[in-house]
file coords_0.cif (mmCIF, C-alpha atoms and all ligand atoms)
data_coords
loop_
_atom_site.label_atom_id
_atom_site.label_comp_id
_atom_site.auth_asym_id
_atom_site.auth_seq_id
_atom_site.Cartn_x
_atom_site.Cartn_y
_atom_site.Cartn_z
CA MET Q 1 88.53 106.92 107.20
CA ARG Q 2 89.10 103.69 105.25
CA ARG Q 3 91.42 101.24 106.96
CA PRO Q 4 94.13 99.98 104.58
CA LEU Q 5 93.58 96.38 103.53
CA VAL Q 6 96.06 93.93 101.99
CA ILE Q 7 94.82 90.51 100.94
CA GLY Q 8 96.93 87.55 99.88
CA ASN Q 9 95.47 85.27 97.22
CA TRP Q 10 97.49 82.07 97.36
CA LYS Q 11 95.67 80.71 94.30
CA MET Q 12 96.30 76.97 93.74
CA ASN Q 13 99.61 76.90 95.60
CA GLY Q 14 100.84 75.36 98.82
CA SER Q 15 101.23 72.14 100.75
CA ARG Q 16 100.75 71.50 104.45
CA GLN Q 17 104.49 71.83 105.02
CA ASP Q 18 104.96 74.96 102.88
CA ASN Q 19 101.88 76.59 104.40
CA LYS Q 20 103.16 75.93 107.91
CA SER Q 21 106.47 77.68 107.18
CA LEU Q 22 104.79 80.59 105.42
CA LEU Q 23 102.20 81.11 108.16
CA GLU Q 24 104.77 80.88 110.96
CA GLU Q 25 106.94 83.43 109.20
CA LEU Q 26 103.99 85.74 108.62
CA VAL Q 27 103.03 85.66 112.28
CA PHE Q 28 106.65 86.23 113.28
CA LEU Q 29 107.18 89.17 110.90
CA LYS Q 30 103.87 90.96 111.37
CA PRO Q 31 104.37 93.92 113.67
CA THR Q 32 101.83 93.94 116.52
CA ASN Q 33 99.01 96.40 116.01
CA ILE Q 34 99.91 97.01 112.37
CA GLN Q 35 97.48 99.57 110.99
CA THR Q 36 96.82 97.60 107.78
CA GLU Q 37 94.20 94.87 107.94
CA LEU Q 38 95.69 91.60 106.63
CA VAL Q 39 93.79 88.72 105.06
CA ILE Q 40 94.90 85.36 103.61
CA CYS Q 41 92.71 83.65 101.01
CA ALA Q 42 93.89 80.06 100.82
CA PRO Q 43 92.71 77.05 98.79
CA PHE Q 44 89.60 75.53 100.42
CA LEU Q 45 91.49 72.47 101.65
CA TYR Q 46 93.93 74.55 103.66
CA ILE Q 47 91.55 77.06 105.23
CA GLU Q 48 91.35 75.09 108.44
CA GLN Q 49 95.14 74.91 108.68
CA VAL Q 50 95.33 78.65 108.05
CA SER Q 51 92.76 79.28 110.76
CA ARG Q 52 94.78 77.29 113.33
CA HIS Q 53 97.78 79.53 112.70
CA LEU Q 54 95.98 82.85 112.38
CA VAL Q 55 93.24 82.87 114.99
CA GLU Q 56 94.17 85.53 117.53
CA GLN Q 57 96.99 86.82 115.33
CA GLN Q 58 95.05 89.82 113.93
CA ILE Q 59 95.15 88.29 110.45
CA SER Q 60 91.81 87.32 108.93
CA PHE Q 61 91.29 84.63 106.35
CA GLY Q 62 88.94 83.72 103.59
CA ALA Q 63 88.33 81.73 100.42
CA GLN Q 64 89.06 82.32 96.76
CA ASP Q 65 85.59 81.43 95.51
CA MET Q 66 82.31 79.93 96.70
CA SER Q 67 79.18 78.34 95.31
CA VAL Q 68 76.18 80.44 94.42
CA HIS Q 69 73.99 77.69 95.95
CA LEU Q 70 73.10 77.39 99.61
CA ASN Q 71 73.53 73.59 99.88
CA GLY Q 72 72.45 70.38 98.18
CA ALA Q 73 73.37 68.29 95.14
CA TYR Q 74 76.26 70.37 93.78
CA THR Q 75 79.16 67.94 93.75
CA GLY Q 76 82.52 69.54 94.41
CA GLU Q 77 81.14 72.91 95.46
CA ILE Q 78 81.67 74.79 98.73
CA SER Q 79 78.94 76.96 100.21
CA ALA Q 80 79.13 80.30 101.97
CA SER Q 81 77.82 78.77 105.20
CA MET Q 82 80.68 76.22 105.13
CA LEU Q 83 83.14 79.10 104.88
CA ILE Q 84 81.48 80.80 107.84
CA ASP Q 85 81.64 77.50 109.71
CA LEU Q 86 85.44 77.49 109.24
CA GLY Q 87 85.73 81.06 110.52
CA CYS Q 88 86.19 82.83 107.18
CA ARG Q 89 85.49 86.54 107.12
CA TYR Q 90 86.13 87.21 103.41
CA VAL Q 91 85.57 85.54 100.06
CA ILE Q 92 86.91 86.54 96.64
CA VAL Q 93 84.21 86.58 93.96
CA GLY Q 94 84.64 87.11 90.23
CA HIS Q 95 88.42 86.74 90.11
CA SER Q 96 89.43 87.01 86.46
CA GLU Q 97 90.75 83.44 86.55
CA ARG Q 98 87.24 82.28 87.52
CA ARG Q 99 85.68 84.45 84.81
CA GLN Q 100 88.21 83.27 82.21
CA TYR Q 101 88.63 79.55 82.97
CA HIS Q 102 85.22 78.78 84.47
CA GLY Q 103 83.04 81.04 82.35
CA GLU Q 104 81.70 83.05 85.29
CA SER Q 105 79.38 85.76 83.97
CA ASN Q 106 78.70 89.18 85.48
CA LEU Q 107 75.33 87.87 86.63
CA LEU Q 108 76.80 84.81 88.37
CA VAL Q 109 79.39 87.00 90.11
CA ALA Q 110 76.56 89.28 91.26
CA GLN Q 111 74.59 86.31 92.59
CA LYS Q 112 77.64 84.96 94.42
CA THR Q 113 78.13 88.41 95.93
CA LEU Q 114 74.54 88.33 97.21
CA ALA Q 115 74.91 84.80 98.60
CA SER Q 116 78.11 85.76 100.39
CA LEU Q 117 76.55 88.85 101.97
CA GLN Q 118 73.49 86.92 103.06
CA ALA Q 119 75.72 84.38 104.81
CA GLY Q 120 77.66 87.12 106.61
CA LEU Q 121 80.86 87.08 104.54
CA ILE Q 122 82.55 90.16 103.11
CA PRO Q 123 82.87 89.72 99.34
CA ILE Q 124 85.98 90.95 97.55
CA ILE Q 125 84.49 91.65 94.15
CA CYS Q 126 87.06 91.58 91.34
CA VAL Q 127 86.66 93.68 88.23
CA GLY Q 128 89.06 94.44 85.41
CA GLU Q 129 89.66 94.62 81.69
CA THR Q 130 91.72 92.49 79.33
CA LEU Q 131 94.58 93.96 77.30
CA GLU Q 132 92.43 93.89 74.19
CA GLN Q 133 89.67 95.83 75.95
CA ARG Q 134 92.16 98.42 77.25
CA GLU Q 135 93.72 98.85 73.82
CA SER Q 136 90.32 99.44 72.25
CA ALA Q 137 89.50 102.07 74.93
CA GLY Q 138 86.92 99.77 76.48
CA THR Q 139 88.25 99.71 80.06
CA LEU Q 140 85.67 101.93 81.70
CA ASP Q 141 82.72 100.36 79.86
CA VAL Q 142 83.79 96.86 80.90
CA ILE Q 143 84.15 97.91 84.52
CA ALA Q 144 80.88 99.84 84.52
CA ASP Q 145 79.09 96.70 83.27
CA GLN Q 146 80.76 94.45 85.85
CA LEU Q 147 79.82 96.83 88.67
CA ALA Q 148 76.30 97.51 87.41
CA ALA Q 149 75.50 93.80 87.43
CA VAL Q 150 76.50 93.53 91.09
CA LYS Q 151 74.74 96.75 92.07
CA THR Q 152 71.50 95.64 90.46
CA VAL Q 153 71.50 92.45 92.51
CA VAL Q 154 72.82 93.64 95.89
CA GLY Q 155 71.90 97.34 95.85
CA ASP Q 156 73.79 100.20 97.48
CA SER Q 157 73.62 98.59 100.90
CA GLY Q 158 75.26 95.39 99.60
CA ILE Q 159 77.99 97.38 97.86
CA SER Q 160 78.63 99.31 101.06
CA ARG Q 161 79.41 96.00 102.83
CA SER Q 162 81.80 94.81 100.10
CA VAL Q 163 85.39 95.33 99.05
CA ILE Q 164 86.15 95.95 95.38
CA ALA Q 165 89.40 94.91 93.72
CA TYR Q 166 90.41 96.47 90.43
CA GLU Q 167 92.56 93.85 88.73
CA PRO Q 168 93.49 94.56 85.12
CA VAL Q 169 93.72 91.08 83.59
CA TRP Q 170 96.87 92.01 81.67
CA ALA Q 171 98.66 92.79 84.94
CA ILE Q 172 97.82 89.59 86.85
CA GLY Q 173 100.78 87.28 87.24
CA THR Q 174 102.56 88.94 84.31
CA GLY Q 175 104.98 91.21 86.18
CA LEU Q 176 103.35 94.13 84.30
CA SER Q 177 101.71 96.29 86.94
CA ALA Q 178 99.46 99.22 86.04
CA THR Q 179 101.20 102.51 86.79
CA PRO Q 180 99.91 104.38 89.84
CA ASP Q 181 98.24 106.93 87.53
CA GLN Q 182 96.57 104.24 85.39
CA ALA Q 183 95.29 102.50 88.49
CA GLN Q 184 94.12 105.72 90.15
CA ASP Q 185 92.17 106.75 87.03
CA VAL Q 186 90.18 103.52 87.17
CA HIS Q 187 89.77 103.61 90.94
CA ARG Q 188 88.38 107.16 90.76
CA PHE Q 189 85.94 105.99 88.11
CA ILE Q 190 84.90 102.98 90.22
CA ARG Q 191 84.28 105.15 93.27
CA GLY Q 192 82.15 107.44 91.17
CA GLN Q 193 80.06 104.46 90.04
CA LEU Q 194 79.37 103.29 93.57
CA GLY Q 195 76.97 106.05 94.49
CA ALA Q 196 76.26 107.61 97.86
CA THR Q 197 78.06 105.03 100.01
CA GLY Q 198 81.07 104.70 97.70
CA GLY Q 199 83.23 106.92 99.87
CA ASN Q 200 83.39 104.22 102.55
CA VAL Q 201 84.08 101.24 100.29
CA ARG Q 202 87.64 99.96 100.22
CA LEU Q 203 89.04 99.74 96.70
CA LEU Q 204 92.05 97.47 96.23
CA TYR Q 205 94.42 97.29 93.30
CA GLY Q 206 95.64 93.88 92.13
CA GLY Q 207 98.10 92.94 89.41
CA SER Q 208 101.79 92.19 90.03
CA VAL Q 209 101.95 94.18 93.28
CA LYS Q 210 105.35 93.78 94.93
CA SER Q 211 107.19 95.54 97.71
CA ASP Q 212 108.98 97.76 95.22
CA ASN Q 213 105.88 99.12 93.44
CA ALA Q 214 103.41 99.09 96.35
CA ALA Q 215 104.17 102.49 97.88
CA GLY Q 216 103.54 104.39 94.63
CA LEU Q 217 100.18 102.69 94.23
CA PHE Q 218 99.12 103.28 97.85
CA GLU Q 219 99.92 107.00 97.58
CA GLN Q 220 96.94 107.36 95.25
CA PRO Q 221 93.85 108.79 96.94
CA ASP Q 222 91.44 106.06 95.80
CA ILE Q 223 93.71 103.03 96.32
CA ASP Q 224 93.08 101.61 99.79
CA GLY Q 225 95.23 98.49 99.59
CA ALA Q 226 95.99 95.52 97.38
CA LEU Q 227 94.96 92.05 96.36
CA VAL Q 228 98.28 90.27 96.05
CA GLY Q 229 98.88 86.98 94.26
CA GLY Q 230 102.46 85.80 93.71
CA ALA Q 231 104.06 88.08 96.31
CA SER Q 232 101.74 86.78 99.03
CA LEU Q 233 103.60 83.45 98.91
CA VAL Q 234 106.72 85.14 100.31
CA ALA Q 235 106.10 86.28 103.89
CA ARG Q 236 108.70 89.05 103.86
CA GLU Q 237 107.30 90.53 100.64
CA PHE Q 238 103.73 90.34 101.85
CA ILE Q 239 104.51 92.09 105.12
CA LYS Q 240 106.53 94.79 103.31
CA ILE Q 241 103.51 95.45 101.08
CA ALA Q 242 101.26 95.63 104.15
CA LEU Q 243 103.62 98.11 105.79
CA ALA Q 244 103.65 100.25 102.65
CA ALA Q 245 99.86 100.51 102.89
CA ALA Q 246 99.81 101.54 106.55
C1 LIG G 1 95.72 87.95 91.93
O1 LIG G 1 95.83 86.75 91.99
O2 LIG G 1 94.65 88.46 92.22
C2 LIG G 1 96.88 88.75 91.51
C3 LIG G 1 96.78 90.05 91.47
O3 LIG G 1 98.04 88.07 91.22
P1 LIG G 1 99.53 88.68 91.05
O4 LIG G 1 99.77 89.58 92.23
O5 LIG G 1 100.42 87.50 91.03
O6 LIG G 1 99.54 89.45 89.76
#
call {"tool": "encode", "arguments": {"input": "coords_0.cif", "output": "structure tokens"}}
result
Amino acid sequence: MRRPLVIGNWKMNGSRQDNKSLLEELVFLKPTNIQTELVICAPFLYIEQVSRHLVEQQISFGAQDMSVHLNGAYTGEISASMLIDLGCRYVIVGHSERRQYHGESNLLVAQKTLASLQAGLIPIICVGETLEQRESAGTLDVIADQLAAVKTVVGDSGISRSVIAYEPVWAIGTGLSATPDQAQDVHRFIRGQLGATGGNVRLLYGGSVKSDNAAGLFEQPDIDGALVGGASLVAREFIKIALAAA
């Protein structure tokens, strides 16, 4: 049985004041003992603030990226052990915005996945195709390559300790969500690629998930939750999505 999981990716949004209101509202609105596991991935600077609000509130937290290096002369970078030090449980790796704007390759994403696992974090590994790739029938090849790179580096046991998020690039922040059938087709494919332990791995969908399209996505047999960007900045929306997954 895979526990539903809904993760908020705040991206580069927030301020101490806005975060305080959002976190207080989240804690207020979250039903006690909600079946869905909830996670907030905040900008690095705000993780400590998030932790102060969420510790003992049955909401985990994490980061949106991390360095592939353990420590040392890497100005501006944040290591996995620093995230552990702050109480993070999760870290997003290979978000399409990192791949697109920071040139992160499949190999680098795989190495970050390994570094996160070795530090004791749960990686949320993002995969997904661009519109151009989908239109040229390349979706499954792109995803197979992204997954194969990670599998080669972390093996089946690493994959079994990870979460995978299918995020079609054309659906992120565009308001254009994949239909439940489109998403399920890719999720089924991903599960098939994961091998023997794939049945236990939680597969999230991400891309313009909102309270009004969440239920249809979560009805699909291989969709175990969502990675939510824009809608995670509105507490009521985020909690409605979490309830739809329960
Ligand atoms: C994301 O940031 O991973 C994402 C899916 O964003 P949005 O929900 O805004 O499309």
call {"tool": "axis_aligned_box", "arguments": {"input": "coords_0.cif", "around": "ligand LIG 1 (chain G)", "padding_each_side": "5 Å", "output": "lines of an AutoDock Vina configuration file"}}
result
center_x = 97.5
center_y = 88.4
center_z = 91.0
size_x = 15.8
size_y = 13.3
size_z = 12.5
call {"tool": "residues_near_ligand", "arguments": {"input": "coords_0.cif", "ligand": "ligand LIG 1 (chain G)", "cutoff": "6 Å", "atoms": "all atoms listed in the file", "output": "mmCIF file with C-alpha atoms, in the coordinates of the input"}}
result
data_model
loop_
_atom_site.group_PDB
_atom_site.id
_atom_site.type_symbol
_atom_site.label_atom_id
_atom_site.label_comp_id
_atom_site.auth_asym_id
_atom_site.auth_seq_id
_atom_site.Cartn_x
_atom_site.Cartn_y
_atom_site.Cartn_z
ATOM 1 C CA ASN Q 9 95.470 85.270 97.220
ATOM 2 C CA ALA Q 171 98.660 92.790 84.940
ATOM 3 C CA ILE Q 172 97.820 89.590 86.850
ATOM 4 C CA GLY Q 173 100.780 87.280 87.240
ATOM 5 C CA GLY Q 206 95.640 93.880 92.130
ATOM 6 C CA GLY Q 207 98.100 92.940 89.410
ATOM 7 C CA SER Q 208 101.790 92.190 90.030
ATOM 8 C CA VAL Q 209 101.950 94.180 93.280
ATOM 9 C CA LEU Q 227 94.960 92.050 96.360
ATOM 10 C CA VAL Q 228 98.280 90.270 96.050
ATOM 11 C CA GLY Q 229 98.880 86.980 94.260
ATOM 12 C CA GLY Q 230 102.460 85.800 93.710
#
call {"tool": "closest_residue", "arguments": {"input": "coords_0.cif", "among": "Q:Gln118, Q:Lys210, Q:Gln193, Q:Ala149", "to": "Leu70 (chain Q)", "atoms": "only C-alpha atoms"}}
result
Q:Gln118
call {"tool": "atom_distance", "arguments": {"input": "coords_0.cif", "atom1": "CA of Leu29 (chain Q)", "atom2": "CA of Asn13 (chain Q)"}}
result
21.0 Å
call {"tool": "closest_residue", "arguments": {"input": "coords_0.cif", "among": "Q:Ile7, Q:Cys41, Q:Val169, Q:Ile164", "to": "Arg99 (chain Q)", "atoms": "only C-alpha atoms"}}
result
Q:Val169
call {"tool": "residues_around", "arguments": {"input": "coords_0.cif", "residues": "Gly198 (chain Q)", "least_positions_apart": "4", "cutoff": "7 Å", "atoms": "only C-alpha atoms", "output": "VMD selection string"}}
result
chain Q and resid 160 191 194
call {"tool": "closest_residue", "arguments": {"input": "coords_0.cif", "among": "Q:Thr174, Q:Ser21, Q:Ser96, Q:Ser79", "to": "Thr130 (chain Q)", "atoms": "all atoms listed in the file"}}
result
Q:Ser96
call {"tool": "residues_around", "arguments": {"input": "coords_0.cif", "residues": "Ala115 (chain Q)", "least_positions_apart": "5", "cutoff": "8 Å", "atoms": "all atoms listed in the file", "output": "list in words"}}
result
Val68, His69, Leu70 and Ala80 of chain Q
call {"tool": "atom_distance", "arguments": {"input": "coords_0.cif", "atom1": "CA of Pro180 (chain Q)", "atom2": "CA of Ala242 (chain Q)"}}
result
16.8 Å
call {"tool": "atom_distance", "arguments": {"input": "coords_0.cif", "atom1": "CA of Leu108 (chain Q)", "atom2": "CA of Met82 (chain Q)"}}
result
19.2 Å
call {"tool": "closest_residue", "arguments": {"input": "coords_0.cif", "among": "Q:Gln184, Q:Gln146, Q:Gln133, Q:Thr36", "to": "Ala244 (chain Q)", "atoms": "only C-alpha atoms"}}
result
Q:Thr36
call {"tool": "residues_around", "arguments": {"input": "coords_0.cif", "residues": "Phe189 (chain Q)", "least_positions_apart": "6", "cutoff": "12 Å", "atoms": "only C-alpha atoms", "output": "PyMOL selection string"}}
result
chain Q and resi 139-144+147+166+182-183+195+198+203+222-223
call {"tool": "closest_residue", "arguments": {"input": "coords_0.cif", "among": "Q:Glu25, Q:Asp212, Q:Glu135, Q:Asp85", "to": "Ala119 (chain Q)", "atoms": "all atoms listed in the file"}}
result
Q:Asp85
call {"tool": "closest_residue", "arguments": {"input": "coords_0.cif", "among": "Q:Ile40, Q:Leu45, Q:Val6, Q:Val153", "to": "Asp224 (chain Q)", "atoms": "all atoms listed in the file"}}
result
Q:Val6
call {"tool": "residues_around", "arguments": {"input": "coords_0.cif", "residues": "Ile92 (chain Q)", "least_positions_apart": "2", "cutoff": "8 Å", "atoms": "all atoms listed in the file", "output": "list in words"}}
result
Cys41, Gly62, Ala63, Gln64, Asp65, Tyr90, Gly94, His95, Pro123, Ile124, Ile125 and Cys126 of chain Q
call {"tool": "residues_around", "arguments": {"input": "coords_0.cif", "residues": "Ile241 (chain Q)", "least_positions_apart": "4", "cutoff": "8 Å", "atoms": "all atoms listed in the file", "output": "CSV table (one decimal) with C-alpha atoms, keeping the file's coordinate frame"}}
result
chain,number,residue,atom,x,y,z
Q,6,VAL,CA,96.1,93.9,102.0
Q,210,LYS,CA,105.4,93.8,94.9
Q,211,SER,CA,107.2,95.5,97.7
Q,214,ALA,CA,103.4,99.1,96.4
Q,215,ALA,CA,104.2,102.5,97.9
Q,237,GLU,CA,107.3,90.5,100.6
Q,245,ALA,CA,99.9,100.5,102.9
